[in-house]
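Chemist: Structure: target.cif, mmCIF, C-alpha atoms.
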```cif
data_my_file
#
loop_
_atom_site.label_atom_id
_atom_site.label_comp_id
_atom_site.auth_asym_id
_atom_site.auth_seq_id
_atom_site.Cartn_x
_atom_site.Cartn_y
_atom_site.Cartn_z
CA MET O 39 0.00 0.00 0.00
CA ALA O 40 1.59 3.21 -1.23
CA ALA O 41 0.12 5.43 1.51
CA ASP O 42 1.72 3.24 4.17
CA ASP O 43 5.11 3.38 2.44
CA ASP O 44 4.82 7.18 2.25
CA ARG O 45 4.27 7.39 5.99
CA VAL O 46 7.29 5.17 6.69
CA PHE O 47 9.60 7.13 4.38
CA LYS O 48 8.41 10.43 5.85
CA ALA O 49 8.86 9.16 9.39
CA LEU O 50 12.41 8.03 8.57
CA ALA O 51 13.31 11.30 6.84
CA ASP O 52 14.09 13.05 10.13
CA PRO O 53 17.23 12.70 12.29
CA THR O 54 15.37 13.00 15.61
CA ARG O 55 13.00 10.21 14.69
CA ARG O 56 15.86 8.01 13.49
CA PHE O 57 17.63 8.76 16.78
CA LEU O 58 14.53 7.66 18.70
CA LEU O 59 14.36 4.41 16.70
CA ASP O 60 18.06 3.78 17.38
CA ARG O 61 17.49 4.27 21.12
CA LEU O 62 14.64 1.74 21.01
CA PHE O 63 16.79 -0.66 19.00
CA GLU O 64 19.37 -0.47 21.77
CA ARG O 65 16.80 -1.03 24.47
CA ASP O 66 13.19 -1.64 23.68
CA GLY O 67 10.05 -0.87 25.67
CA ARG O 68 10.89 2.64 26.97
CA THR O 69 8.68 5.31 28.47
CA LEU O 70 8.36 8.84 27.11
CA THR O 71 10.30 10.12 30.13
CA GLU O 72 13.25 7.82 29.36
CA LEU O 73 13.30 8.78 25.69
CA GLU O 74 12.94 12.47 26.47
CA SER O 75 15.94 12.37 28.81
CA GLU O 76 18.22 11.58 25.85
CA LEU O 77 17.12 14.51 23.71
CA GLU O 78 17.56 18.28 23.98
CA MET O 79 13.92 18.84 23.21
CA THR O 80 10.65 19.61 24.97
CA ARG O 81 8.42 16.77 26.10
CA PHE O 82 5.83 18.00 23.63
CA GLY O 83 8.34 17.86 20.77
CA VAL O 84 9.34 14.28 21.59
CA MET O 85 5.67 13.29 21.83
CA LYS O 86 5.04 14.73 18.38
CA HIS O 87 7.88 12.69 16.87
CA LEU O 88 6.74 9.54 18.65
CA ARG O 89 3.22 10.03 17.34
CA LEU O 90 4.50 10.25 13.74
CA LEU O 91 6.54 7.10 14.29
CA GLU O 92 3.47 5.37 15.70
CA GLU O 93 1.29 6.47 12.77
CA ALA O 94 3.88 5.00 10.41
CA GLY O 95 3.75 1.74 12.36
CA LEU O 96 7.44 1.98 13.30
CA VAL O 97 6.64 2.33 17.00
CA VAL O 98 3.99 0.33 18.85
CA THR O 99 2.90 1.34 22.35
CA ARG O 100 1.71 -1.00 25.09
CA ARG O 101 0.43 -0.21 28.54
CA SER O 102 2.24 -1.78 31.44
CA GLY O 103 0.52 -0.82 34.70
CA ARG O 104 0.48 2.99 34.74
CA GLU O 105 3.21 3.30 32.14
CA LYS O 106 3.03 3.53 28.39
CA LEU O 107 5.95 1.70 26.82
CA HIS O 108 7.28 2.31 23.31
CA PHE O 109 8.47 -0.61 21.21
CA LEU O 110 10.34 -0.55 17.91
CA ASN O 111 8.38 -2.38 15.21
CA PRO O 112 10.71 -3.37 12.35
CA VAL O 113 8.02 -4.97 10.17
CA PRO O 114 7.29 -1.88 7.98
CA ILE O 115 11.02 -1.55 7.22
CA ARG O 116 11.12 -5.23 6.30
CA LEU O 117 8.18 -4.76 3.94
CA ILE O 118 9.91 -1.83 2.23
CA HIS O 119 13.04 -3.92 2.00
CA ASN O 120 11.09 -6.73 0.32
CA ARG O 121 9.31 -4.31 -1.97
CA TRP O 122 12.30 -2.20 -3.10
CA ILE O 123 15.73 -3.27 -2.01
CA ASP O 124 15.51 -6.93 -3.01
CA LYS O 125 14.21 -5.94 -6.42
CA TYR O 126 17.09 -3.58 -7.16
CA THR O 127 19.89 -5.71 -5.76
CA GLU O 128 18.55 -8.61 -7.80
CA ARG O 129 18.88 -6.54 -10.97
CA GLN O 130 22.42 -5.51 -10.10
CA VAL O 131 23.39 -9.09 -9.44
CA SER O 132 21.87 -10.32 -12.68
CA ALA O 133 23.56 -7.47 -14.58
CA LEU O 134 26.91 -8.58 -13.17
CA VAL O 135 26.18 -12.17 -14.09
CA ASP O 136 25.36 -11.08 -17.66
CA LEU O 137 28.59 -9.08 -17.83
CA LYS O 138 30.59 -12.05 -16.62
CA THR O 139 28.97 -14.29 -19.24
CA GLN O 140 29.67 -11.77 -22.01
CA LEU O 141 33.30 -11.32 -20.98
CA GLU O 142 33.81 -15.04 -20.80
CA GLU O 143 32.31 -15.53 -24.25
CA MET O 144 34.68 -12.89 -25.65
CA ALA O 145 37.71 -14.51 -24.06
CA MET P 34 16.65 14.93 39.15
CA THR P 35 14.33 12.08 38.40
CA THR P 36 15.58 8.53 38.40
CA ILE P 37 14.88 6.59 35.27
CA THR P 38 13.40 3.20 35.95
CA GLU P 39 14.64 0.41 33.74
CA THR P 40 11.61 -0.90 31.93
CA ASN P 41 10.82 -4.26 30.52
CA VAL P 42 13.47 -5.05 27.92
CA THR P 43 12.67 -8.71 27.39
CA THR P 44 9.44 -8.17 25.46
CA GLN P 45 9.41 -7.80 21.69
CA VAL P 46 6.37 -6.35 19.93
CA TYR P 47 5.62 -6.67 16.23
CA ARG P 48 2.69 -5.30 14.26
CA VAL P 49 1.53 -5.74 10.70
CA TYR P 50 -1.57 -4.64 8.79
CA ILE P 51 -2.94 -7.29 6.46
CA LYS P 52 -5.59 -7.02 3.77
CA ALA P 53 -7.49 -10.06 5.04
CA SER P 54 -10.26 -10.93 7.50
CA PRO P 55 -9.46 -11.70 11.16
CA GLU P 56 -10.65 -15.28 10.51
CA ALA P 57 -8.21 -15.70 7.60
CA ILE P 58 -5.34 -14.45 9.79
CA TRP P 59 -6.35 -16.79 12.61
CA ASP P 60 -6.32 -19.72 10.17
CA ALA P 61 -2.93 -18.69 8.75
CA ILE P 62 -1.49 -18.84 12.27
CA THR P 63 -3.16 -22.02 13.48
CA LYS P 64 -3.76 -24.25 10.46
CA PRO P 65 -1.03 -26.51 9.04
CA GLU P 66 -1.96 -25.93 5.39
CA TRP P 67 -1.09 -22.25 5.94
CA THR P 68 1.87 -22.48 8.32
CA GLU P 69 3.97 -24.43 5.84
CA ARG P 70 3.67 -21.61 3.31
CA TYR P 71 5.51 -18.77 5.09
CA GLY P 72 8.29 -18.04 7.55
CA TYR P 73 10.25 -21.06 8.63
CA GLY P 74 7.67 -23.36 7.02
CA GLY P 75 6.70 -26.66 8.57
CA ILE P 76 3.35 -27.78 9.88
CA ALA P 77 1.90 -26.34 13.10
CA GLU P 78 -0.32 -28.53 15.27
CA PHE P 79 -2.56 -26.77 17.79
CA ASP P 80 -4.97 -28.22 20.31
CA LEU P 81 -6.81 -24.93 20.67
CA ARG P 82 -7.98 -25.02 24.31
CA PRO P 83 -6.27 -23.99 27.55
CA GLY P 84 -3.63 -26.58 28.36
CA GLY P 85 -3.76 -27.97 24.81
CA ALA P 86 -0.52 -29.01 23.14
CA PHE P 87 1.28 -27.01 20.46
CA ARG P 88 3.94 -28.38 18.15
CA HIS P 89 5.52 -26.79 15.12
CA LEU P 90 7.11 -29.56 13.10
CA THR P 91 10.34 -29.26 11.14
CA ASP P 92 10.20 -29.27 7.37
CA GLU P 93 12.17 -31.53 5.02
CA GLY P 94 15.04 -29.06 4.69
CA MET P 95 15.55 -28.84 8.45
CA ARG P 96 15.42 -32.62 8.84
CA ALA P 97 17.94 -33.00 6.03
CA MET P 98 20.29 -30.86 8.14
CA GLY P 99 19.87 -33.21 11.08
CA ALA P 100 16.94 -31.66 12.98
CA GLY P 101 14.41 -33.85 14.79
CA ASP P 102 10.69 -33.89 14.03
CA VAL P 103 9.74 -30.95 16.26
CA ALA P 104 11.04 -27.40 15.78
CA VAL P 105 8.99 -25.62 18.46
CA ASP P 106 6.73 -26.89 21.22
CA GLY P 107 4.52 -25.33 23.85
CA GLU P 108 1.08 -25.18 25.40
CA VAL P 109 -2.01 -23.14 24.64
CA ILE P 110 -2.89 -20.77 27.49
CA GLU P 111 -5.81 -18.87 25.97
CA SER P 112 -7.63 -19.37 22.68
CA ASP P 113 -10.28 -16.87 21.62
CA PRO P 114 -10.73 -17.20 17.85
CA PRO P 115 -10.31 -15.03 15.84
CA ARG P 116 -9.11 -12.41 18.36
CA LYS P 117 -6.50 -13.69 20.73
CA LEU P 118 -4.14 -16.62 21.14
CA VAL P 119 -1.76 -16.94 24.09
CA GLN P 120 0.69 -19.81 24.31
CA THR P 121 4.06 -20.90 25.60
CA TRP P 122 6.75 -21.33 22.96
CA ARG P 123 10.07 -23.15 23.18
CA MET P 124 12.56 -23.64 20.37
CA VAL P 125 13.47 -27.30 20.77
CA MET P 126 15.37 -27.60 17.52
CA ALA P 127 18.41 -25.76 18.92
CA PRO P 128 19.63 -27.39 22.18
CA GLU P 129 21.00 -24.13 23.63
CA MET P 130 17.60 -22.48 23.16
CA ALA P 131 15.65 -25.51 24.36
CA ALA P 132 17.70 -25.26 27.59
CA GLU P 133 16.39 -21.72 28.17
CA GLY P 134 12.88 -23.10 28.58
CA PHE P 135 9.53 -21.63 27.56
CA SER P 136 8.80 -18.11 26.39
CA ARG P 137 5.30 -16.66 26.20
CA LEU P 138 3.73 -15.62 22.92
CA THR P 139 0.55 -13.61 22.33
CA TYR P 140 -1.21 -12.97 19.04
CA GLU P 141 -3.79 -10.16 19.01
CA ILE P 142 -6.00 -9.77 15.96
CA GLY P 143 -8.01 -6.57 15.60
CA GLU P 144 -11.32 -5.85 13.91
CA ALA P 145 -11.18 -5.47 10.13
CA LYS P 146 -11.33 -1.83 8.96
CA ASP P 147 -11.91 -1.30 5.24
CA GLY P 148 -10.83 -4.90 4.73
CA VAL P 149 -7.56 -4.41 6.59
CA THR P 150 -6.84 -6.19 9.88
CA LYS P 151 -4.20 -5.38 12.47
CA LEU P 152 -2.12 -8.26 13.80
CA THR P 153 0.09 -7.69 16.85
CA VAL P 154 2.57 -10.26 18.13
CA ILE P 155 3.92 -9.85 21.65
CA HIS P 156 6.77 -12.18 22.54
CA ASP P 157 7.72 -12.21 26.21
CA LEU P 158 11.30 -13.45 26.27
CA GLU P 159 12.20 -13.25 29.93
CA GLY P 160 15.03 -15.66 30.68
CA THR P 161 15.44 -16.66 27.03
CA PRO P 162 18.17 -14.32 25.66
CA LYS P 163 19.35 -16.69 22.92
CA LEU P 164 15.83 -17.16 21.64
CA ALA P 165 15.34 -13.37 21.84
CA LEU P 166 18.27 -12.88 19.45
CA LEU P 167 16.90 -15.45 17.03
CA VAL P 168 13.35 -14.07 16.87
CA SER P 169 14.63 -10.48 16.57
CA GLY P 170 16.23 -11.45 13.27
CA ALA P 171 19.74 -10.64 14.54
CA MET P 172 20.98 -14.06 13.42
CA GLU P 173 19.71 -13.80 9.85
CA ASP P 174 23.23 -13.59 8.39
CA THR P 175 24.00 -16.99 9.88
CA GLY P 176 21.13 -18.53 7.93
CA ALA P 177 18.79 -18.64 10.93
CA GLY P 178 15.95 -16.74 9.21
CA GLY P 179 14.84 -13.18 9.83
CA GLY P 180 12.78 -13.70 12.97
CA TRP P 181 9.31 -12.26 13.52
CA SER P 182 9.52 -9.38 11.03
CA TRP P 183 10.43 -11.90 8.34
CA VAL P 184 7.73 -14.38 9.43
CA LEU P 185 5.04 -11.68 9.56
CA SER P 186 5.94 -10.12 6.22
CA GLY P 187 5.74 -13.62 4.75
CA LEU P 188 2.36 -14.16 6.41
CA LYS P 189 1.11 -10.85 4.97
CA THR P 190 2.35 -11.72 1.48
CA VAL P 191 0.84 -15.21 1.41
CA LEU P 192 -2.55 -13.93 2.64
CA GLU P 193 -2.66 -10.95 0.28
CA THR P 194 -1.29 -12.54 -2.87
CA GLY P 195 -1.81 -16.26 -2.34
CA GLU P 196 1.87 -16.71 -3.16
CA PRO P 197 4.82 -17.19 -0.80
CA LEU P 198 7.35 -14.37 -0.40
CA ASN P 199 9.69 -14.40 -3.37
CA GLU P 200 13.18 -14.34 -1.96
CA ALA P 201 16.68 -15.42 -2.77
CA ARG P 202 17.85 -18.33 -0.67
#
```
Take the structure in this file and express it as structure tokens.

Modeler:
Amino acid sequence: MAADDDRVFKALADPTRRFLLDRLFERDGRTLTELESELEMTRFGVMKHLRLLEEAGLVVTRRSGREKLHFLNPVPIRLIHNRWIDKYTERQVSALVDLKTQLEEMA
Amino acid sequence: MTTITETNVTTQVYRVYIKASPEAIWDAITKPEWTERYGYGGIAEFDLRPGGAFRHLTDEGMRAMGAGDVAVDGEVIESDPPRKLVQTWRMVMAPEMAAEGFSRLTYEIGEAKDGVTKLTVIHDLEGTPKLALLVSGAMEDTGAGGGWSWVLSGLKTVLETGEPLNEAR
């Protein structure tokens, strides 16, 4: 779904949001307070970035008692990988294979 | 100065939106004719009631590499089709992971909205660090598969297109 891909690319096109994802990759399931403590930014600003990440499906929140925990969800990145990266690397590989065949035939 | 409490780091959460009904997703998780078509493959056997047995069998390829008949085993804790499935889950195929014991796995399936259904997988991996690495996909380069994000993107593809994920092996 193109709209979903758009949201993921937009969410990733910002250094603060990538920083937040990297922090969650390091240690998953963090609260807003924990994430905020690593950024020179207002609580409101961090919340805004987290909401965009959540809308893109890159962050999933779960309640644990009174706390709201943020988890990194890598599935949308995987889907983009399947959709785009595999396709292009495949073409490069087959182009190299063709080149090899041609060169060998000339030799 | 506030002290930061260390939160739960042993849970992994995965979410995917699939153009399919909740019932179709439930079947793709619990029925053998579906489970052999995505992810690690192999047939899953569920006795879908509390205390019922769960086994995910190895496929031909795994057995050819010396694996036994069972890849994963466990027990059903809660079965509420097509909304929620809670079970224990132990990788028995790898001895070092089998030794870690059982993890706890929850599938949550949402209501369909415009034909799209939300599937959330919550894997509680307390006391199973080796299994946590495997299901996170961190061992993909060693040929151990891409973990849950790989399994779930395969599940999405097979439900939406009827065809398994096309990938280089």

Chemist: For the PyMOL selection byres ((chain O and resi 89) around 12), applied here, can you spell out every residue it catches as a list in words?

Modeler: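 Applying the PyMOL selection byres ((chain O and resi 89) around 12) to the structure shown produces Arg45, Ala49, Arg55, Leu58, Leu70, Phe82, Gly83, Val84, Met85, Lys86, His87, Leu88, Leu90, Leu91, Glu92, Glu93, Ala94, Gly95, Leu96, Val97, Val98, Thr99 and His108 of chain O.
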
Chemist: With 6 Å as the limit and counting only C-alpha atoms, what residues in chain O lie close to chain P? Please list them as number ranges by chain.

Modeler: O: 66-67, 111, 113

Chemist: Could you please determine the separation between CA of Glu74 in chain O and CA of Leu158 in chain P in Å, to one decimal place?

Modeler: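 Taking CA of Glu74 in chain O and CA of Leu158 in chain P, their separation equals 26.0 Å.
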
Chemist: Box for range 104-113 of chain O - axis-aligned, 4 Å on each of the six sides, all listed atoms - centre and size in Å to one decimal, as JSON.

Modeler:
```
{"center_x": 5.6, "center_y": -0.7, "center_z": 22.5, "size_x": 18.2, "size_y": 16.5, "size_z": 32.6}
```

Chemist: Which residue gives the smallest distance to Gly74 in chain P among P:Ala86, P:Leu167, P:Val105, P:Ile58, with all atoms listed in the file counted?

Modeler: P:Val105

Chemist: Taking all atoms listed in the file into account, produce a table as CSV in which each residue of range 64-164 of chain P with an atom at most 12 Å from an atom of range 191-194 of chain P appears once, together with its shortest atom pair and the distance in Å to one decimal, ordered by chain and rising number.

Modeler:
```
residue,atom,partner,partner_atom,distance
P:Glu66,CA,P:Val191,CA,11.8
P:Trp67,CA,P:Val191,CA,8.6
P:Thr68,CA,P:Val191,CA,10.1
P:Glu69,CA,P:Val191,CA,10.7
P:Arg70,CA,P:Val191,CA,7.3
P:Tyr71,CA,P:Val191,CA,6.9
P:Gly72,CA,P:Val191,CA,10.1
P:Gly148,CA,P:Glu193,CA,11.1
P:Val149,CA,P:Glu193,CA,10.3
P:Thr150,CA,P:Leu192,CA,11.4
```

Chemist: From the list O:Leu107, O:Ala41, O:Ala51, O:Ile118, which residue is nearest Thr71 in chain O when using only C-alpha atoms?

Modeler: O:Leu107

Chemist: Around the point (-2.5, -27.4, 27.0) in the file's coordinates, collect all residues with an atom within 9 Å, using all atoms listed in the file, and return them as a ChimeraX atom specification.

Modeler: /P:80-87,107-110,120

Chemist: CA of Arg123 in chain P and CA of Ala97 in chain P, how far apart in Å?

Modeler: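 Taking CA of Ala97 in chain P and CA of Arg123 in chain P, their separation equals 21.3 Å.
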
Chemist: I need the output of the PyMOL selection byres ((chain P and resi 133) around 9) for this file as a ChimeraX atom specification; which residues are they?

Modeler: /P:123-124,128-132,134-136,160-164

Chemist: Using only C-alpha atoms, pick whichever of P:Met172, P:Ile142, P:Val103, P:Leu166 has the shortest atom-to-atom distance to Ala77 in chain P.

Modeler: P:Val103

Chemist: For a test of reading the model, state the distance in Å between CA of Arg68 in chain O and CA of Asp52 in chain O, rounded to one decimal.

Modeler: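 Here the two named atoms are 20.1 Å from each other.
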
Chemist: Skip Gly94 in chain P itself and residues of its chain fewer than 3 positions away, then list as an MDAnalysis selection string all residues within 12 Å of it, counting only C-alpha atoms.

Modeler: chainID P and resid 73:75 90:91 97:102 104

Chemist: For Lys151 in chain P, which residue among P:Arg116, P:Val125, P:Asp174, P:Asp60 is the nearest when counting only C-alpha atoms?

Modeler: P:Arg116

Chemist: Rebuild N, CA and C atoms on range 78-108 of chain P, as a tab-separated table (two decimals), in the frame of the given file?

Modeler:
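Saved as result10.tsv:
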```
chain	number	residue	atom	x	y	z
P	78	GLU	N	0.79	-27.75	14.71
P	78	GLU	CA	-0.32	-28.53	15.27
P	78	GLU	C	-0.77	-27.86	16.56
P	79	PHE	N	-2.02	-27.44	16.60
P	79	PHE	CA	-2.56	-26.77	17.79
P	79	PHE	C	-3.74	-27.57	18.34
P	80	ASP	N	-3.75	-27.80	19.63
P	80	ASP	CA	-4.97	-28.22	20.31
P	80	ASP	C	-5.50	-26.96	20.99
P	81	LEU	N	-6.45	-26.30	20.31
P	81	LEU	CA	-6.81	-24.93	20.67
P	81	LEU	C	-7.76	-24.85	21.87
P	82	ARG	N	-7.25	-25.22	23.04
P	82	ARG	CA	-7.98	-25.02	24.31
P	82	ARG	C	-6.92	-24.87	25.39
P	83	PRO	N	-7.27	-24.20	26.49
P	83	PRO	CA	-6.27	-23.99	27.55
P	83	PRO	C	-5.65	-25.32	27.98
P	84	GLY	N	-4.33	-25.35	28.00
P	84	GLY	CA	-3.63	-26.58	28.36
P	84	GLY	C	-3.36	-27.49	27.17
P	85	GLY	N	-3.94	-27.15	26.01
P	85	GLY	CA	-3.76	-27.97	24.81
P	85	GLY	C	-2.33	-27.89	24.29
P	86	ALA	N	-1.91	-28.95	23.62
P	86	ALA	CA	-0.52	-29.01	23.14
P	86	ALA	C	-0.33	-28.22	21.85
P	87	PHE	N	0.87	-27.68	21.70
P	87	PHE	CA	1.28	-27.01	20.46
P	87	PHE	C	2.60	-27.62	20.01
P	88	ARG	N	2.67	-27.94	18.73
P	88	ARG	CA	3.94	-28.38	18.15
P	88	ARG	C	4.07	-27.76	16.77
P	89	HIS	N	5.25	-27.23	16.48
P	89	HIS	CA	5.52	-26.79	15.12
P	89	HIS	C	6.58	-27.75	14.59
P	90	LEU	N	6.21	-28.51	13.58
P	90	LEU	CA	7.11	-29.56	13.10
P	90	LEU	C	8.17	-28.98	12.17
P	91	THR	N	9.28	-29.67	12.07
P	91	THR	CA	10.34	-29.26	11.14
P	91	THR	C	9.90	-29.59	9.72
P	92	ASP	N	10.49	-28.91	8.76
P	92	ASP	CA	10.20	-29.27	7.37
P	92	ASP	C	11.35	-30.16	6.85
P	93	GLU	N	11.21	-30.60	5.61
P	93	GLU	CA	12.17	-31.53	5.02
P	93	GLU	C	13.60	-30.99	5.07
P	94	GLY	N	13.72	-29.69	4.73
P	94	GLY	CA	15.04	-29.06	4.69
P	94	GLY	C	15.73	-29.11	6.04
P	95	MET	N	14.97	-28.82	7.11
P	95	MET	CA	15.55	-28.84	8.45
P	95	MET	C	15.95	-30.26	8.84
P	96	ARG	N	15.10	-31.23	8.49
P	96	ARG	CA	15.42	-32.62	8.84
P	96	ARG	C	16.64	-33.11	8.08
P	97	ALA	N	16.77	-32.62	6.83
P	97	ALA	CA	17.94	-33.00	6.03
P	97	ALA	C	19.22	-32.50	6.68
P	98	MET	N	19.10	-31.40	7.45
P	98	MET	CA	20.29	-30.86	8.14
P	98	MET	C	20.44	-31.46	9.54
P	99	GLY	N	19.67	-32.48	9.83
P	99	GLY	CA	19.87	-33.21	11.08
P	99	GLY	C	18.92	-32.85	12.20
P	100	ALA	N	17.89	-32.02	11.92
P	100	ALA	CA	16.94	-31.66	12.98
P	100	ALA	C	15.99	-32.83	13.25
P	101	GLY	N	15.41	-32.86	14.44
P	101	GLY	CA	14.41	-33.85	14.79
P	101	GLY	C	13.07	-33.49	14.17
P	102	ASP	N	12.00	-34.13	14.62
P	102	ASP	CA	10.69	-33.89	14.03
P	102	ASP	C	10.05	-32.59	14.48
P	103	VAL	N	10.41	-32.12	15.69
P	103	VAL	CA	9.74	-30.95	16.26
P	103	VAL	C	10.69	-29.76	16.29
P	104	ALA	N	10.23	-28.62	15.74
P	104	ALA	CA	11.04	-27.40	15.78
P	104	ALA	C	10.73	-26.60	17.04
P	105	VAL	N	9.43	-26.43	17.32
P	105	VAL	CA	8.99	-25.62	18.46
P	105	VAL	C	7.87	-26.37	19.18
P	106	ASP	N	7.88	-26.32	20.50
P	106	ASP	CA	6.73	-26.89	21.22
P	106	ASP	C	6.22	-25.90	22.26
P	107	GLY	N	5.10	-26.23	22.87
P	107	GLY	CA	4.52	-25.33	23.85
P	107	GLY	C	3.12	-25.78	24.23
P	108	GLU	N	2.41	-24.86	24.89
P	108	GLU	CA	1.08	-25.18	25.40
P	108	GLU	C	0.19	-23.97	25.18
```
